[in-house]
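Pasted below: target-v2.cif, mmCIF, C-alpha atoms.
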```cif
data_work
loop_
_atom_site.group_PDB
_atom_site.id
_atom_site.type_symbol
_atom_site.label_atom_id
_atom_site.label_comp_id
_atom_site.auth_asym_id
_atom_site.auth_seq_id
_atom_site.Cartn_x
_atom_site.Cartn_y
_atom_site.Cartn_z
ATOM 1 C CA ILE A 1 9.791 29.651 19.302
ATOM 2 C CA ALA A 2 8.080 26.404 18.300
ATOM 3 C CA ARG A 3 5.381 26.943 20.912
ATOM 4 C CA GLU A 4 4.905 30.558 19.802
ATOM 5 C CA ILE A 5 4.222 29.380 16.253
ATOM 6 C CA ALA A 6 1.509 27.041 17.536
ATOM 7 C CA ILE A 7 0.026 29.773 19.751
ATOM 8 C CA HIS A 8 -0.238 32.050 16.705
ATOM 9 C CA PHE A 9 -2.602 29.594 14.992
ATOM 10 C CA GLU A 10 -4.497 28.819 18.196
ATOM 11 C CA LYS A 11 -5.300 32.536 18.544
ATOM 12 C CA SER A 12 -6.017 33.074 14.844
ATOM 13 C CA TYR A 13 -8.693 30.370 14.434
ATOM 14 C CA THR A 14 -11.604 29.035 16.490
ATOM 15 C CA ASN A 15 -12.166 25.793 14.590
ATOM 16 C CA LEU A 16 -10.028 23.112 16.227
ATOM 17 C CA ARG A 17 -9.552 21.096 13.029
ATOM 18 C CA LYS A 18 -8.418 24.282 11.271
ATOM 19 C CA ILE A 19 -5.887 24.931 14.028
ATOM 20 C CA THR A 20 -4.393 21.443 13.839
ATOM 21 C CA ALA A 21 -4.332 21.567 10.014
ATOM 22 C CA LYS A 22 -2.472 24.906 9.993
ATOM 23 C CA ILE A 23 0.020 23.703 12.600
ATOM 24 C CA THR A 24 0.614 20.534 10.556
ATOM 25 C CA GLN A 25 1.316 22.697 7.495
ATOM 26 C CA ALA A 26 3.744 24.819 9.514
ATOM 27 C CA LYS A 27 5.528 21.726 10.787
ATOM 28 C CA LYS A 28 5.841 20.409 7.238
ATOM 29 C CA TYR A 29 7.237 23.762 6.054
ATOM 30 C CA PHE A 30 9.911 23.923 8.743
ATOM 31 C CA ARG A 31 10.771 20.243 8.221
ATOM 32 C CA GLU A 32 11.549 21.014 4.577
ATOM 33 C CA LYS A 33 13.340 24.313 5.263
ATOM 34 C CA THR A 34 15.381 23.361 8.321
ATOM 35 C CA ASN A 35 17.481 20.436 9.397
ATOM 36 C CA ASP A 36 16.494 20.591 13.032
ATOM 37 C CA PRO A 37 13.958 17.872 13.994
ATOM 38 C CA LYS A 38 14.092 18.944 17.649
ATOM 39 C CA PHE A 39 12.600 22.264 16.529
ATOM 40 C CA TYR A 40 9.867 21.318 14.074
ATOM 41 C CA LYS A 41 8.732 18.274 16.070
ATOM 42 C CA ASN A 42 7.835 20.625 18.908
ATOM 43 C CA ILE A 43 5.437 22.666 16.776
ATOM 44 C CA ASN A 44 2.284 21.128 18.215
ATOM 45 C CA PRO A 45 -1.153 22.307 19.336
ATOM 46 C CA LYS A 46 -2.101 22.073 22.985
ATOM 47 C CA LYS A 47 -2.758 18.519 24.126
ATOM 48 C CA GLU A 48 -6.437 19.162 24.786
ATOM 49 C CA ILE A 49 -6.924 20.441 21.205
ATOM 50 C CA THR A 50 -5.334 17.309 19.755
ATOM 51 C CA GLN A 51 -7.426 15.022 21.978
ATOM 52 C CA SER A 52 -10.629 16.830 21.066
ATOM 53 C CA VAL A 53 -9.957 16.547 17.325
ATOM 54 C CA ILE A 54 -9.083 12.841 17.645
ATOM 55 C CA LYS A 55 -12.319 12.119 19.523
ATOM 56 C CA LYS A 56 -14.392 13.936 16.876
ATOM 57 C CA ASN A 57 -12.603 12.111 14.034
ATOM 58 C CA VAL A 58 -13.071 8.731 15.681
ATOM 59 C CA LYS A 59 -16.776 9.378 16.265
ATOM 60 C CA LYS A 60 -17.253 10.464 12.662
ATOM 61 C CA LEU A 61 -15.415 7.448 11.259
ATOM 62 C CA GLU A 62 -17.292 5.000 13.472
ATOM 63 C CA THR A 63 -20.654 6.551 12.529
ATOM 64 C CA GLU A 64 -20.049 6.621 8.782
ATOM 65 C CA ARG A 65 -18.169 3.332 8.458
ATOM 66 C CA GLU A 66 -19.638 0.683 6.172
ATOM 67 C CA PHE A 67 -18.538 -2.840 7.021
ATOM 68 C CA LYS A 68 -17.555 -5.567 4.589
ATOM 69 C CA LYS A 69 -18.364 -8.959 6.113
ATOM 70 C CA VAL A 70 -15.692 -11.618 5.737
ATOM 71 C CA LYS A 71 -16.246 -15.200 6.849
ATOM 72 C CA ALA A 72 -13.647 -16.560 9.276
ATOM 73 C CA THR A 73 -13.798 -19.875 7.428
ATOM 74 C CA ASP A 74 -12.853 -18.097 4.193
ATOM 75 C CA VAL A 75 -9.803 -16.549 5.871
ATOM 76 C CA GLU A 76 -8.767 -20.005 7.055
ATOM 77 C CA ALA A 77 -9.379 -21.418 3.563
ATOM 78 C CA PHE A 78 -6.963 -18.842 2.107
ATOM 79 C CA LEU A 79 -4.331 -20.017 4.601
ATOM 80 C CA ASP A 80 -4.866 -23.669 3.706
ATOM 81 C CA GLU A 81 -4.754 -22.960 -0.023
ATOM 82 C CA PHE A 82 -1.604 -20.821 -0.111
ATOM 83 C CA ARG A 83 0.416 -22.141 2.860
ATOM 84 C CA GLU A 84 2.651 -24.487 0.829
ATOM 85 C CA SER A 85 2.409 -22.736 -2.526
ATOM 86 C CA LEU A 86 5.488 -22.051 -4.614
ATOM 87 C CA ASN A 87 3.742 -19.303 -6.553
ATOM 88 C CA ILE A 88 5.204 -15.939 -5.560
ATOM 89 C CA TYR A 89 1.867 -14.119 -5.697
ATOM 90 C CA GLU A 90 0.090 -16.698 -3.557
ATOM 91 C CA LEU A 91 2.979 -16.616 -1.082
ATOM 92 C CA GLY A 92 2.838 -12.815 -0.999
ATOM 93 C CA PHE A 93 -0.904 -12.959 -0.304
ATOM 94 C CA TYR A 94 -0.328 -15.518 2.464
ATOM 95 C CA ILE A 95 2.443 -13.481 4.129
ATOM 96 C CA LEU A 96 0.456 -10.230 3.997
ATOM 97 C CA LEU A 97 -2.596 -11.947 5.486
ATOM 98 C CA ASN A 98 -0.507 -13.502 8.254
ATOM 99 C CA THR A 99 1.551 -10.492 9.262
ATOM 100 C CA GLY A 100 -0.587 -7.417 8.579
ATOM 101 C CA ARG A 101 2.365 -5.723 6.880
ATOM 102 C CA ARG A 102 2.246 -3.513 3.805
ATOM 103 C CA ILE A 103 3.469 -4.680 0.401
ATOM 104 C CA SER A 104 6.516 -2.404 0.637
ATOM 105 C CA ALA A 105 7.460 -4.029 3.946
ATOM 106 C CA ILE A 106 7.500 -7.610 2.692
ATOM 107 C CA VAL A 107 9.125 -6.740 -0.623
ATOM 108 C CA ASP A 108 11.798 -4.310 0.581
ATOM 109 C CA ASN A 109 12.416 -5.928 3.964
ATOM 110 C CA ILE A 110 11.604 -9.616 3.534
ATOM 111 C CA ASP A 111 14.892 -10.575 5.208
ATOM 112 C CA LYS A 112 13.927 -8.583 8.326
ATOM 113 C CA PHE A 113 11.464 -11.210 9.549
ATOM 114 C CA THR A 114 12.978 -13.435 12.238
ATOM 115 C CA ASN A 115 11.853 -16.072 14.680
ATOM 116 C CA LYS A 116 10.630 -15.122 18.148
ATOM 117 C CA PRO A 117 11.715 -17.915 20.491
ATOM 118 C CA ASN A 118 9.280 -19.592 22.879
ATOM 119 C CA SER A 119 6.165 -18.510 21.016
ATOM 120 C CA LYS A 120 3.766 -20.386 18.759
ATOM 121 C CA ASN A 121 2.297 -17.497 16.814
ATOM 122 C CA GLU A 122 4.708 -14.566 17.049
ATOM 123 C CA ILE A 123 7.667 -13.474 14.940
ATOM 124 C CA TYR A 124 9.859 -10.382 14.882
ATOM 125 C CA PHE A 125 10.016 -7.767 12.150
ATOM 126 C CA ARG A 126 12.630 -5.056 11.886
ATOM 127 C CA GLY A 127 12.179 -2.565 9.070
ATOM 128 C CA ILE A 128 10.793 0.740 7.906
ATOM 129 C CA LEU A 129 7.529 1.608 9.601
ATOM 130 C CA LYS A 130 5.361 4.227 7.909
ATOM 131 C CA LYS A 131 5.884 7.758 9.261
ATOM 132 C CA ARG A 132 8.557 6.662 11.696
ATOM 133 C CA ASN A 133 12.231 7.551 11.571
ATOM 134 C CA ASP A 134 13.630 4.498 13.345
ATOM 135 C CA LYS A 135 14.360 2.017 10.553
ATOM 136 C CA ASN A 136 15.776 -0.474 13.052
ATOM 137 C CA GLU A 137 12.786 -0.628 15.363
ATOM 138 C CA ARG A 138 11.904 -4.253 16.058
ATOM 139 C CA VAL A 139 8.270 -5.158 16.594
ATOM 140 C CA SER A 140 6.614 -8.387 17.601
ATOM 141 C CA ILE A 141 4.014 -9.601 15.110
ATOM 142 C CA MET A 142 1.282 -12.077 15.963
ATOM 143 C CA THR A 143 0.650 -14.456 13.068
ATOM 144 C CA ILE A 144 -2.702 -16.023 12.233
ATOM 145 C CA ASP A 145 -1.190 -19.328 11.118
ATOM 146 C CA ASN A 146 1.481 -21.238 13.023
ATOM 147 C CA LYS A 147 4.649 -19.138 12.871
ATOM 148 C CA LEU A 148 6.719 -22.046 11.475
ATOM 149 C CA ASN A 149 4.466 -22.160 8.415
ATOM 150 C CA VAL A 150 4.761 -18.389 8.024
ATOM 151 C CA LEU A 151 8.564 -18.399 8.332
ATOM 152 C CA ASN A 152 8.772 -21.209 5.771
ATOM 153 C CA ALA A 153 6.592 -19.206 3.359
ATOM 154 C CA ILE A 154 8.828 -16.165 3.915
ATOM 155 C CA ARG A 155 11.928 -18.216 2.994
ATOM 156 C CA ASN A 156 10.304 -19.484 -0.203
ATOM 157 C CA PHE A 157 9.033 -16.004 -1.079
ATOM 158 C CA LYS A 158 12.517 -14.540 -0.626
ATOM 159 C CA LYS A 159 14.051 -17.066 -3.033
ATOM 160 C CA LEU A 160 11.502 -16.252 -5.723
ATOM 161 C CA LEU A 161 11.707 -12.507 -5.081
ATOM 162 C CA ASN A 162 15.438 -12.419 -5.881
ATOM 163 C CA LYS A 163 14.556 -13.015 -9.526
ATOM 164 C CA LYS A 164 12.057 -10.141 -9.722
ATOM 165 C CA SER A 165 12.196 -6.393 -10.254
ATOM 166 C CA LYS A 166 10.855 -5.135 -6.918
ATOM 167 C CA THR A 167 9.216 -1.995 -8.301
ATOM 168 C CA SER A 168 7.148 -3.757 -10.939
ATOM 169 C CA PHE A 169 6.442 -6.699 -8.643
ATOM 170 C CA LYS A 170 4.782 -4.457 -6.030
ATOM 171 C CA ARG A 171 2.265 -3.227 -8.601
ATOM 172 C CA SER A 172 1.716 -6.728 -9.925
ATOM 173 C CA LEU A 173 1.167 -8.180 -6.446
ATOM 174 C CA GLN A 174 -1.523 -5.584 -5.753
ATOM 175 C CA ARG A 175 -3.385 -6.731 -8.875
ATOM 176 C CA HIS A 176 -3.017 -10.396 -7.969
ATOM 177 C CA ILE A 177 -4.355 -9.851 -4.452
ATOM 178 C CA LYS A 178 -7.646 -8.744 -5.973
ATOM 179 C CA ILE A 179 -7.738 -11.806 -8.233
ATOM 180 C CA LEU A 180 -6.713 -14.330 -5.567
ATOM 181 C CA SER A 181 -9.283 -13.065 -3.061
ATOM 182 C CA GLY A 182 -12.146 -13.956 -5.398
ATOM 183 C CA LYS A 183 -15.510 -12.461 -4.451
ATOM 184 C CA TYR A 184 -13.940 -10.222 -1.795
ATOM 185 C CA LYS A 185 -11.687 -8.362 -4.258
ATOM 186 C CA PHE A 186 -9.252 -7.437 -1.491
ATOM 187 C CA THR A 187 -6.492 -4.843 -1.718
ATOM 188 C CA SER A 188 -3.321 -4.930 0.385
ATOM 189 C CA HIS A 189 -5.088 -2.473 2.718
ATOM 190 C CA SER A 190 -7.992 -4.913 3.013
ATOM 191 C CA LEU A 191 -5.625 -7.728 3.980
ATOM 192 C CA ARG A 192 -4.212 -5.604 6.818
ATOM 193 C CA SER A 193 -7.752 -5.016 8.013
ATOM 194 C CA VAL A 194 -8.694 -8.704 7.730
ATOM 195 C CA TYR A 195 -5.531 -9.653 9.629
ATOM 196 C CA ALA A 196 -6.206 -7.342 12.583
ATOM 197 C CA ASN A 197 -9.958 -7.998 12.760
ATOM 198 C CA TYR A 198 -9.576 -11.775 12.491
ATOM 199 C CA LEU A 199 -7.152 -11.776 15.412
ATOM 200 C CA PHE A 200 -9.465 -9.528 17.405
ATOM 201 C CA VAL A 201 -12.266 -12.065 17.041
ATOM 202 C CA LYS A 202 -10.212 -15.235 17.347
ATOM 203 C CA ARG A 203 -7.278 -14.339 19.586
ATOM 204 C CA ASN A 204 -8.148 -11.730 22.154
ATOM 205 C CA PRO A 205 -8.148 -13.675 25.449
ATOM 206 C CA HIS A 206 -8.027 -10.589 27.661
ATOM 207 C CA ASN A 207 -11.006 -8.946 25.892
ATOM 208 C CA GLN A 208 -8.989 -5.886 24.964
ATOM 209 C CA ILE A 209 -11.168 -3.081 23.601
ATOM 210 C CA TYR A 210 -11.483 -2.976 19.829
ATOM 211 C CA ASN A 211 -9.662 0.229 18.856
ATOM 212 C CA SER A 212 -6.787 -0.418 21.232
ATOM 213 C CA TYR A 213 -6.381 -3.983 19.961
ATOM 214 C CA ILE A 214 -6.312 -2.970 16.270
ATOM 215 C CA ARG A 215 -3.808 -0.238 17.048
ATOM 216 C CA GLU A 216 -1.522 -2.699 18.822
ATOM 217 C CA ARG A 217 -1.698 -5.349 16.100
ATOM 218 C CA LEU A 218 -0.893 -2.872 13.317
ATOM 219 C CA ASN A 219 1.728 -0.954 15.354
ATOM 220 C CA HIS A 220 0.027 2.401 14.902
ATOM 221 C CA LYS A 221 0.939 5.507 16.833
ATOM 222 C CA ASN A 222 -2.522 7.014 17.047
ATOM 223 C CA LEU A 223 -6.098 5.818 17.281
ATOM 224 C CA VAL A 224 -7.421 7.613 14.187
ATOM 225 C CA THR A 225 -5.078 5.647 11.919
ATOM 226 C CA SER A 226 -6.353 2.388 13.390
ATOM 227 C CA ILE A 227 -9.989 3.367 12.816
ATOM 228 C CA ASN A 228 -9.223 3.358 9.086
ATOM 229 C CA TYR A 229 -8.861 -0.422 9.371
ATOM 230 C CA SER A 230 -12.248 -1.046 10.965
ATOM 231 C CA ASP A 231 -14.031 -1.522 7.636
ATOM 232 C CA ILE A 232 -13.903 -5.321 7.875
ATOM 233 C CA LYS A 233 -16.156 -7.426 10.098
ATOM 234 C CA ILE A 234 -15.235 -11.069 10.658
ATOM 235 C CA VAL A 235 -18.276 -13.328 10.882
ATOM 236 C CA ASN A 236 -18.722 -17.053 11.474
#
```

Represent the structure of the file as structure tokens.
Amino acid sequence: IAREIAIHFEKSYTNLRKITAKITQAKKYFREKTNDPKFYKNINPKKEITQSVIKKNVKKLETEREFKKVKATDVEAFLDEFRESLNIYELGFYILLNTGRRISAIVDNIDKFTNKPNSKNEIYFRGILKKRNDKNERVSIMTIDNKLNVLNAIRNFKKLLNKKSKTSFKRSLQRHIKILSGKYKFTSHSLRSVYANYLFVKRNPHNQIYNSYIRERLNHKNLVTSINYSDIKIVN
């Protein structure tokens, strides 16, 4: 039945983006109306349609993208300035920059960061990943700074966070990120982009291709999502 629903839209429209949009709407409808994920998750367009749409989206994003240049030395200066801070906003900035996580991840799941043995610049994170159902999925995160410094900052951040209202703090941290980043006026999204692009430039020994590397660092499922983080260019 799930496949028949998808076929209905594939026959009704010629525009591939229209087909995928309609099928996405149908999937959303059945997700809300039924309690059977095995059913609605199988409402998908043909593989070749999905691949074609992804390729067109990627090409469009790459063509229209405007880059913001960020100096590598400025990224390193942020690390030096906030590494040993006891200010909760500076620590939050430092942790976001070092882990590429979202604000909700470090605020709601700060205790889910753990050490990864036998590594200099990798830690584990287990928590809610956007648009994924497995809340216990553990991922390995490469840190920009030495992981011991990052884990120490996480411990200090956690102590200070216990005294805060998490909901209001998330909004406040977003405002402070813009202030602390000075001329760059970063957002939390920008910090994720800086994180991934800095590592691509500075720590990519196997010369992995750009889109694949960004996707891996940010733990994305699909390439189009990763392209949204290609708006930053790290320069010397």

Among the residues A:Ser188, A:Glu76, A:Lys71, A:Lys120, the one that comes closest to Ser104 in chain A [using only C-alpha atoms] =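 When distances to Ser104 in chain A are compared using only C-alpha atoms, the smallest one comes from A:Ser188.
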
Give the answer as one residue: which of A:Asp108, A:Leu160, A:Val194, A:Ala2 has the shortest atom-to-atom distance to Lys38 in chain A, using only C-alpha atoms?
->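 Answer, going by the shortest atom-to-atom distance: A:Ala2.
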
Centre, x/y/z edge lengths, axis-aligned box for range 227-235 of chain A with 6 Å per side, as lines of an AutoDock Vina configuration file:
```
center_x = -13.6
center_y = -5.0
center_z = 10.2
size_x = 21.4
size_y = 28.7
size_z = 17.2
```

Find, counting all atoms listed in the file, the residue in A:Thr167, A:His176, A:Asn115, A:Phe30 that gets nearest to Lys147 in chain A.
-> A:Asn115

Quick one: which residues end up in the PyMOL selection byres ((chain A and resi 158) around 12) for this structure, as a PDB file with C-alpha atoms, in the coordinates of the input?
```pdb
ATOM      1  CA  LEU A  86       5.488 -22.051  -4.614  1.00  0.00           C
ATOM      2  CA  ASN A  87       3.742 -19.303  -6.553  1.00  0.00           C
ATOM      3  CA  ILE A  88       5.204 -15.939  -5.560  1.00  0.00           C
ATOM      4  CA  TYR A  89       1.867 -14.119  -5.697  1.00  0.00           C
ATOM      5  CA  LEU A  91       2.979 -16.616  -1.082  1.00  0.00           C
ATOM      6  CA  GLY A  92       2.838 -12.815  -0.999  1.00  0.00           C
ATOM      7  CA  ILE A  95       2.443 -13.481   4.129  1.00  0.00           C
ATOM      8  CA  ILE A 106       7.500  -7.610   2.692  1.00  0.00           C
ATOM      9  CA  VAL A 107       9.125  -6.740  -0.623  1.00  0.00           C
ATOM     10  CA  ASP A 108      11.798  -4.310   0.581  1.00  0.00           C
ATOM     11  CA  ASN A 109      12.416  -5.928   3.964  1.00  0.00           C
ATOM     12  CA  ILE A 110      11.604  -9.616   3.534  1.00  0.00           C
ATOM     13  CA  ASP A 111      14.892 -10.575   5.208  1.00  0.00           C
ATOM     14  CA  LYS A 112      13.927  -8.583   8.326  1.00  0.00           C
ATOM     15  CA  PHE A 113      11.464 -11.210   9.549  1.00  0.00           C
ATOM     16  CA  LEU A 151       8.564 -18.399   8.332  1.00  0.00           C
ATOM     17  CA  ASN A 152       8.772 -21.209   5.771  1.00  0.00           C
ATOM     18  CA  ALA A 153       6.592 -19.206   3.359  1.00  0.00           C
ATOM     19  CA  ILE A 154       8.828 -16.165   3.915  1.00  0.00           C
ATOM     20  CA  ARG A 155      11.928 -18.216   2.994  1.00  0.00           C
ATOM     21  CA  ASN A 156      10.304 -19.484  -0.203  1.00  0.00           C
ATOM     22  CA  PHE A 157       9.033 -16.004  -1.079  1.00  0.00           C
ATOM     23  CA  LYS A 159      14.051 -17.066  -3.033  1.00  0.00           C
ATOM     24  CA  LEU A 160      11.502 -16.252  -5.723  1.00  0.00           C
ATOM     25  CA  LEU A 161      11.707 -12.507  -5.081  1.00  0.00           C
ATOM     26  CA  ASN A 162      15.438 -12.419  -5.881  1.00  0.00           C
ATOM     27  CA  LYS A 163      14.556 -13.015  -9.526  1.00  0.00           C
ATOM     28  CA  LYS A 164      12.057 -10.141  -9.722  1.00  0.00           C
ATOM     29  CA  LYS A 166      10.855  -5.135  -6.918  1.00  0.00           C
TER      30      LYS A 166
END
```

Between CA of Lys69 in chain A and CA of Ser140 in chain A, distance in Å (one decimal) =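 Going from CA of Lys69 in chain A over to CA of Ser140 in chain A, I get 27.5 Å.
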
Name the residues in contact with range 40-45 of chain A at a cut-off of 7 Å, using only C-alpha atoms, excluding same-chain residues fewer than 6 positions from it; report them as number ranges by chain.
-> A: 2-3, 5-6, 20, 23, 27, 30-31

The PyMOL selection byres ((chain A and resi 19) around 10) applied to the shown file, residues as a JSON list (two decimals) with C-alpha atoms, in the coordinates of the input:
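Final output, saved to selection11.json:
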```json
[["chain", "number", "residue", "atom", "x", "y", "z"],
["A", 6, "ALA", "CA", 1.51, 27.04, 17.54],
["A", 7, "ILE", "CA", 0.03, 29.77, 19.75],
["A", 8, "HIS", "CA", -0.24, 32.05, 16.70],
["A", 9, "PHE", "CA", -2.60, 29.59, 14.99],
["A", 10, "GLU", "CA", -4.50, 28.82, 18.20],
["A", 11, "LYS", "CA", -5.30, 32.54, 18.54],
["A", 12, "SER", "CA", -6.02, 33.07, 14.84],
["A", 13, "TYR", "CA", -8.69, 30.37, 14.43],
["A", 14, "THR", "CA", -11.60, 29.04, 16.49],
["A", 15, "ASN", "CA", -12.17, 25.79, 14.59],
["A", 16, "LEU", "CA", -10.03, 23.11, 16.23],
["A", 17, "ARG", "CA", -9.55, 21.10, 13.03],
["A", 18, "LYS", "CA", -8.42, 24.28, 11.27],
["A", 20, "THR", "CA", -4.39, 21.44, 13.84],
["A", 21, "ALA", "CA", -4.33, 21.57, 10.01],
["A", 22, "LYS", "CA", -2.47, 24.91, 9.99],
["A", 23, "ILE", "CA", 0.02, 23.70, 12.60],
["A", 24, "THR", "CA", 0.61, 20.53, 10.56],
["A", 25, "GLN", "CA", 1.32, 22.70, 7.50],
["A", 44, "ASN", "CA", 2.28, 21.13, 18.22],
["A", 45, "PRO", "CA", -1.15, 22.31, 19.34],
["A", 49, "ILE", "CA", -6.92, 20.44, 21.20],
["A", 50, "THR", "CA", -5.33, 17.31, 19.76],
["A", 53, "VAL", "CA", -9.96, 16.55, 17.32]]
```

Who sits within 8 Å of range 195-198 of chain A, only C-alpha atoms, same chain under 2 positions skipped, as a ChimeraX atom specification = /A:72,97-100,144,191-193,200-203,214,217-218,230,232-234

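Rounded to one decimal, CA of Leu79 in chain A and CA of Asn146 in chain A lie 10.3 Å from each other.
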